[in-house]
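Chemist: One structure follows; several queries about it will come next.
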Amino acid sequence: MRSHALLAVLGLLLVAAPAAGRVTVGSKAFPESWILSESLAEEMRALGVGEIEHRSNLGGTEIVYQALRSGSVDAYPEYTGTILEVILHVPRPIALAEMRTALAKEGLGVSEPIGFNDSYALAVTRAVHERYALRTISDLGRHPELKLGLTHEFMGRSDGYPGLAGHYGLRMKHVLGIQHELAYTALASGRIDVTDIYTTDAQIERLGLYVLEDDRGFFPRYDAVWLYRLDLTTREPRALEAIRVLTGKVDEARMIRANARVVLGGQTFRQSADSLLTEVLEGVPSRKPAQADVAGSILRNTGQHLKLVVLSLLVAVLIGVPLGVIATRSPLFGSAILSLTGLLQTIPSLALLALLIPLFGIGIAPALIALFLYSLLPIVRNTYVGLTTIPIPLAEAAEAIGLSPRAQLFRVRLPMASPAIMAGIKTSAVINVGTATLAALIGAGGLGEPILSGIQLRQNSLILQGAIPAAALAVLVQRAFDLIDLVAVPKGLRLPRSKG
Amino acid sequence: MSDAAGIEIEDLRKSYDGTLALDVDRLAVEPRATLALIGPSGCGKSTLLRLIVGLLAPDRGLVTVAGTRMEPTTRRRLQLRMGYVIQEGGLFPHLTAGDNIALVAQDTGWERGKIAARVEELLELTQIPRALLSRYPTQLSGGQRQRVALMRALMMDPDVLLLDEPLTALDPMIRSDLQRELRRVFERLRKTVLFVTHDIAEAAYIAGELAIMRAGKVLQRGSLRDLIRNPADPFVTEFIRAQRLLDVADLAAN
């Protein structure tokens, strides 16, 4: 309990107090969430809210909800079923009013339903539907050999597969976890037979999927609502006005169309959001679609990516090298420091990001901290190894000829360990270039942004806009370090060994 | 020139993991004298040198250099009064020969001019070509490396020189050149020298006096002639005979 309170205080200190008039809208990493939030941001702008930011692509309920609680995000679209299961942890459906009471304690408000129910459902291809005569989820019970490819979130939630299997008495032999957007490809190629989908999913029509009927009424309702911070009432009432405009008017048909415009029609989220707003408001003319500036966005994302990598690496060097030196001072320090930095490396990146959000909010800060923590191990370990593998006679000579401890470290041991230290820094840098793509999940931008959007939209060109610069950056970083080596590693250590 | 200073050892013991490596009751090197320590591998001669230079702390006993006891508080001051050369020279590979030589002087805050002047003196003394100073240790031959190592040891004009098998890794021709050179330098500088080798001919050529060690103890001390004529222990004769010098020595004696 105490440590909780401590974390909360720390979190409050670290999260910058939101400025008055500045509103941040969040969305999860799938098109529907993005479009709804983009519409909300547009409507707020129309109503005169001064400064609006849309943090898109936040990776999952846990992350965006923590961001809302900590004040990094002021509003985002959520589903009632998810609120029950993931946020409130209540086993039975409760009324919206009851939900409101529970969340008010956290300083959060729940809007009226936006207008559509985006429930989970199971879907199969037409071919599978016909071959096995599958019509309902009950029918699945007769074919335990069918391969299920389910999203990780669906597999983990009790209102997902575990509950469903219990409710229907399913005993499927093959159940795999798969990323949602990849599931369609897997389904189309026959690698899996069944996947979980959202009922407003634009892919249903495009891929001609057959949605299995929930014949025993397992799935709860997933009515879309807005979750928002109650302090908006005083901070920026116009934001609440915008939320009211966008409730009760988006039905399933409108949402499916809006999703399809993006996923199938190749429109931007902004364009689809504009059209949705136009439908909702009726008569408001659609603004000119924003021109996509590919080169500009690649440049911007690459710059942001580089900033994340360089800053985190710089701090990791400034802290990691001294840590490596300290580790050589005593076996106790050594094993403590090395095992601690090693432990950090084993935390999965998404888990680390989720842990950092309550403390640092979303955006650049937690991304930098995560990258910094991942950079530490190679730098600390290589510094330690570099210093401890200096030939003993030379380490002894440095001492015996009367060098001060300072000169022994800075003029002999560190320069001699420099090739190992530089190799560690290079390793960290290259790993960082890759890991930094995940920063987009918590709204820190970078080259992960087009990759995430591309995966969602099944647009390979968008994926490549992130992947190619990232690969180029990795090569560039390697080359850059070859040049830095010329300065950082003394010439005498780069000479070929003479014989004799 | 600083005052000449000797080395005194009293009741010195050192063991590694319970095995006695060194047990010397008394051993003194007079100021300006040259003593060669000889003996087979593992006899404790390197351990003795490492105790004197302060790389090891004794289990018991005293090391006194220039009248000052070697202790943690006096260690660095004494190290600056001793020059130390090891088998492969111990040159730092990331520094040029010149920087290796000047390193300690720079660390103790000597001015550039003073450093340059001292290097000039040493170049003249050791007859090393100036061009070698800008080379890295890997670009030097074995003999050149040892010459540079000697220059580094002499840089601070120490009272005492400690040399731990400095010529062992060299091939015979270069080795004999360097033996001659070392003897010349020692005679000219008249410093207190403790020279470790396992080669008895080298020991007798370079030093006036020899101390033969075995299993951590000093068995006998004297000139080569003393060791041959009046061996204190059968091992002394055995060790000399093993190096095939007895006949030569007998001839010399007659």
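Lettering and numbering for the structure tokens are positional, with chains as A, B, ... in the shown order, residues counted from 1 in each chain, and ligands counted from 1 in the shown order.
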Given only C-alpha atoms, how would the per-residue table for chain B near chain A read, listing every residue at most 6 Å away with its closest atom pair and distance in Å to one decimal, sorted by chain and number, as a Markdown table?

Modeler:
```
| residue | atom | partner | partner_atom | distance |
| --- | --- | --- | --- | --- |
| B:Arg76 | CA | A:Gly402 | CA | 5.4 |
| B:Gln79 | CA | A:Gly402 | CA | 4.9 |
| B:Leu80 | CA | A:Gly402 | CA | 5.2 |
| B:Gly90 | CA | A:Leu394 | CA | 5.4 |
| B:Pro93 | CA | A:Gly492 | CA | 5.6 |
| B:His94 | CA | A:Gly492 | CA | 4.2 |
| B:Val104 | CA | A:Leu403 | CA | 5.9 |
| B:Tyr136 | CA | A:Gly492 | CA | 5.6 |
| B:Thr138 | CA | A:Ser498 | CA | 5.5 |
```

Chemist: Which residues, written as a list of chain:residue names, have at least one atom at most 8 Å from Ala33 (chain B), with only C-alpha atoms counted and residues fewer than 3 positions away on the same chain left out?

Modeler: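 Listed by chain and then number, they are B:Val29, B:Glu30, B:Arg190, B:Lys191, B:Thr192, B:Val193, B:Gly208.
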
Chemist: Any chance you could export the current selection's N, CA and C atoms as a CSV table (one decimal), in the first residue's frame?

Modeler:
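As written to disk, out-v2.csv reads:
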```csv
chain,number,residue,atom,x,y,z
B,29,VAL,N,70.6,-4.8,-0.1
B,29,VAL,CA,71.4,-4.3,-1.3
B,29,VAL,C,71.9,-2.9,-0.9
B,30,GLU,N,73.2,-2.9,-0.9
B,30,GLU,CA,73.9,-1.6,-0.5
B,30,GLU,C,73.6,-0.5,-1.5
B,190,ARG,N,75.4,4.2,-11.6
B,190,ARG,CA,75.7,3.8,-10.3
B,190,ARG,C,74.5,3.9,-9.4
B,191,LYS,N,73.4,3.3,-9.8
B,191,LYS,CA,72.2,3.2,-9.0
B,191,LYS,C,72.2,1.9,-8.3
B,192,THR,N,71.3,1.8,-7.3
B,192,THR,CA,71.1,0.5,-6.6
B,192,THR,C,70.2,-0.4,-7.5
B,193,VAL,N,70.8,-1.6,-7.9
B,193,VAL,CA,70.1,-2.4,-8.9
B,193,VAL,C,69.8,-3.8,-8.4
B,208,GLY,N,77.9,-7.7,-9.8
B,208,GLY,CA,79.1,-8.1,-9.0
B,208,GLY,C,78.8,-9.3,-8.1
```

Chemist: Counting only C-alpha atoms, which of B:Lys45, B:Arg175, B:Arg188, B:Arg60 gets nearest to Arg32 (chain B)?

Modeler: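 Ranking B:Lys45, B:Arg175, B:Arg188, B:Arg60 by distance to Arg32 (chain B), first place goes to B:Arg188.
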
Chemist: List the spatial neighbours of Glu38 (chain A) as a list of chain:residue names - criterion: any atom at most 9 Å away, only C-alpha atoms, same-chain residues fewer than 3 positions off excluded.

Modeler: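 The filter keeps A:Val25, A:Ser27, A:Ser33, A:Trp34, A:Ile35, A:Ala41, A:Glu42, A:Glu43, A:His54, A:Ser56, A:Phe269, A:Arg270, A:Ser272, A:Ala273, A:Asp274.
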
Chemist: Those same residues, written as a PDB file, in the first residue's frame with C-alpha atoms?

Modeler:
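Once written, result14.pdb looks like this:
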```pdb
ATOM      1  CA  VAL A  25      -6.985  12.994 -26.936  1.00  0.00           C
ATOM      2  CA  SER A  27      -6.467   6.399 -29.023  1.00  0.00           C
ATOM      3  CA  SER A  33     -10.134   4.132 -31.988  1.00  0.00           C
ATOM      4  CA  TRP A  34      -7.962   6.407 -34.109  1.00  0.00           C
ATOM      5  CA  ILE A  35     -10.855   7.627 -36.282  1.00  0.00           C
ATOM      6  CA  ALA A  41     -10.074  16.371 -31.883  1.00  0.00           C
ATOM      7  CA  GLU A  42     -11.578  17.944 -35.013  1.00  0.00           C
ATOM      8  CA  GLU A  43     -14.805  18.799 -33.219  1.00  0.00           C
ATOM      9  CA  HIS A  54      -3.945  13.541 -30.546  1.00  0.00           C
ATOM     10  CA  SER A  56      -2.515   7.857 -31.395  1.00  0.00           C
ATOM     11  CA  PHE A 269      -7.624   8.720 -40.569  1.00  0.00           C
ATOM     12  CA  ARG A 270      -8.151  12.455 -40.797  1.00  0.00           C
ATOM     13  CA  SER A 272     -12.351   9.419 -42.647  1.00  0.00           C
ATOM     14  CA  ALA A 273     -12.848  11.309 -39.396  1.00  0.00           C
ATOM     15  CA  ASP A 274     -13.932  14.387 -41.363  1.00  0.00           C
TER      16      ASP A 274
END
```

Chemist: Excluding region 327-331 of chain A and residues on its chain fewer than 3 positions from it, collect all residues at most 10 Å away from it, counting only C-alpha atoms, and give them as a ChimeraX atom specification.

Modeler: /A:321-324,334-338,380-381,383-385,387-388

Chemist: Using N, CA and C atoms, can you write the selected residues to a file as a PDB file, in the first residue's frame?

Modeler:
```pdb
ATOM      1  N   VAL A 321      29.217   3.605 -18.189  1.00  0.00           N
ATOM      2  CA  VAL A 321      30.675   3.444 -18.085  1.00  0.00           C
ATOM      3  C   VAL A 321      31.137   3.567 -16.627  1.00  0.00           C
ATOM      4  N   PRO A 322      30.696   4.634 -15.900  1.00  0.00           N
ATOM      5  CA  PRO A 322      31.067   4.673 -14.473  1.00  0.00           C
ATOM      6  C   PRO A 322      30.578   3.447 -13.698  1.00  0.00           C
ATOM      7  N   LEU A 323      29.375   2.966 -14.027  1.00  0.00           N
ATOM      8  CA  LEU A 323      28.889   1.759 -13.345  1.00  0.00           C
ATOM      9  C   LEU A 323      29.812   0.577 -13.606  1.00  0.00           C
ATOM     10  N   GLY A 324      30.276   0.451 -14.850  1.00  0.00           N
ATOM     11  CA  GLY A 324      31.197  -0.629 -15.195  1.00  0.00           C
ATOM     12  C   GLY A 324      32.503  -0.503 -14.425  1.00  0.00           C
ATOM     13  N   GLY A 334      30.333  -5.710  -8.222  1.00  0.00           N
ATOM     14  CA  GLY A 334      30.374  -6.239  -9.573  1.00  0.00           C
ATOM     15  C   GLY A 334      29.184  -7.120  -9.861  1.00  0.00           C
ATOM     16  N   SER A 335      28.966  -8.118  -8.999  1.00  0.00           N
ATOM     17  CA  SER A 335      27.877  -9.053  -9.307  1.00  0.00           C
ATOM     18  C   SER A 335      26.529  -8.367  -9.125  1.00  0.00           C
ATOM     19  N   ALA A 336      26.431  -7.435  -8.170  1.00  0.00           N
ATOM     20  CA  ALA A 336      25.159  -6.731  -7.967  1.00  0.00           C
ATOM     21  C   ALA A 336      24.811  -5.906  -9.203  1.00  0.00           C
ATOM     22  N   ILE A 337      25.771  -5.127  -9.682  1.00  0.00           N
ATOM     23  CA  ILE A 337      25.517  -4.244 -10.822  1.00  0.00           C
ATOM     24  C   ILE A 337      25.236  -5.046 -12.086  1.00  0.00           C
ATOM     25  N   LEU A 338      26.047  -6.085 -12.307  1.00  0.00           N
ATOM     26  CA  LEU A 338      25.877  -6.853 -13.540  1.00  0.00           C
ATOM     27  C   LEU A 338      24.565  -7.618 -13.545  1.00  0.00           C
ATOM     28  N   VAL A 380      27.629  -1.443 -19.646  1.00  0.00           N
ATOM     29  CA  VAL A 380      28.199  -1.777 -18.341  1.00  0.00           C
ATOM     30  C   VAL A 380      29.039  -3.050 -18.453  1.00  0.00           C
ATOM     31  N   ARG A 381      28.480  -4.060 -19.111  1.00  0.00           N
ATOM     32  CA  ARG A 381      29.188  -5.339 -19.168  1.00  0.00           C
ATOM     33  C   ARG A 381      30.487  -5.219 -19.965  1.00  0.00           C
ATOM     34  N   THR A 383      32.271  -2.520 -20.456  1.00  0.00           N
ATOM     35  CA  THR A 383      33.238  -1.736 -19.687  1.00  0.00           C
ATOM     36  C   THR A 383      33.904  -2.636 -18.653  1.00  0.00           C
ATOM     37  N   TYR A 384      33.071  -3.412 -17.965  1.00  0.00           N
ATOM     38  CA  TYR A 384      33.588  -4.314 -16.934  1.00  0.00           C
ATOM     39  C   TYR A 384      34.566  -5.334 -17.538  1.00  0.00           C
ATOM     40  N   VAL A 385      34.134  -5.963 -18.614  1.00  0.00           N
ATOM     41  CA  VAL A 385      34.993  -6.982 -19.243  1.00  0.00           C
ATOM     42  C   VAL A 385      36.269  -6.348 -19.785  1.00  0.00           C
ATOM     43  N   LEU A 387      37.835  -3.746 -18.746  1.00  0.00           N
ATOM     44  CA  LEU A 387      38.767  -3.365 -17.679  1.00  0.00           C
ATOM     45  C   LEU A 387      39.382  -4.582 -17.002  1.00  0.00           C
ATOM     46  N   THR A 388      38.597  -5.653 -16.887  1.00  0.00           N
ATOM     47  CA  THR A 388      39.115  -6.807 -16.144  1.00  0.00           C
ATOM     48  C   THR A 388      39.943  -7.743 -17.018  1.00  0.00           C
TER      49      THR A 388
END
```

Chemist: Identify all residues of region 170-332 of chain A in alpha helix (DSSP H) (DSSP on the backbone) and supply them as a ChimeraX atom specification.

Modeler: /A:180-188,203-206,232-235,237-245,252-263,269-281,294-327,331-332
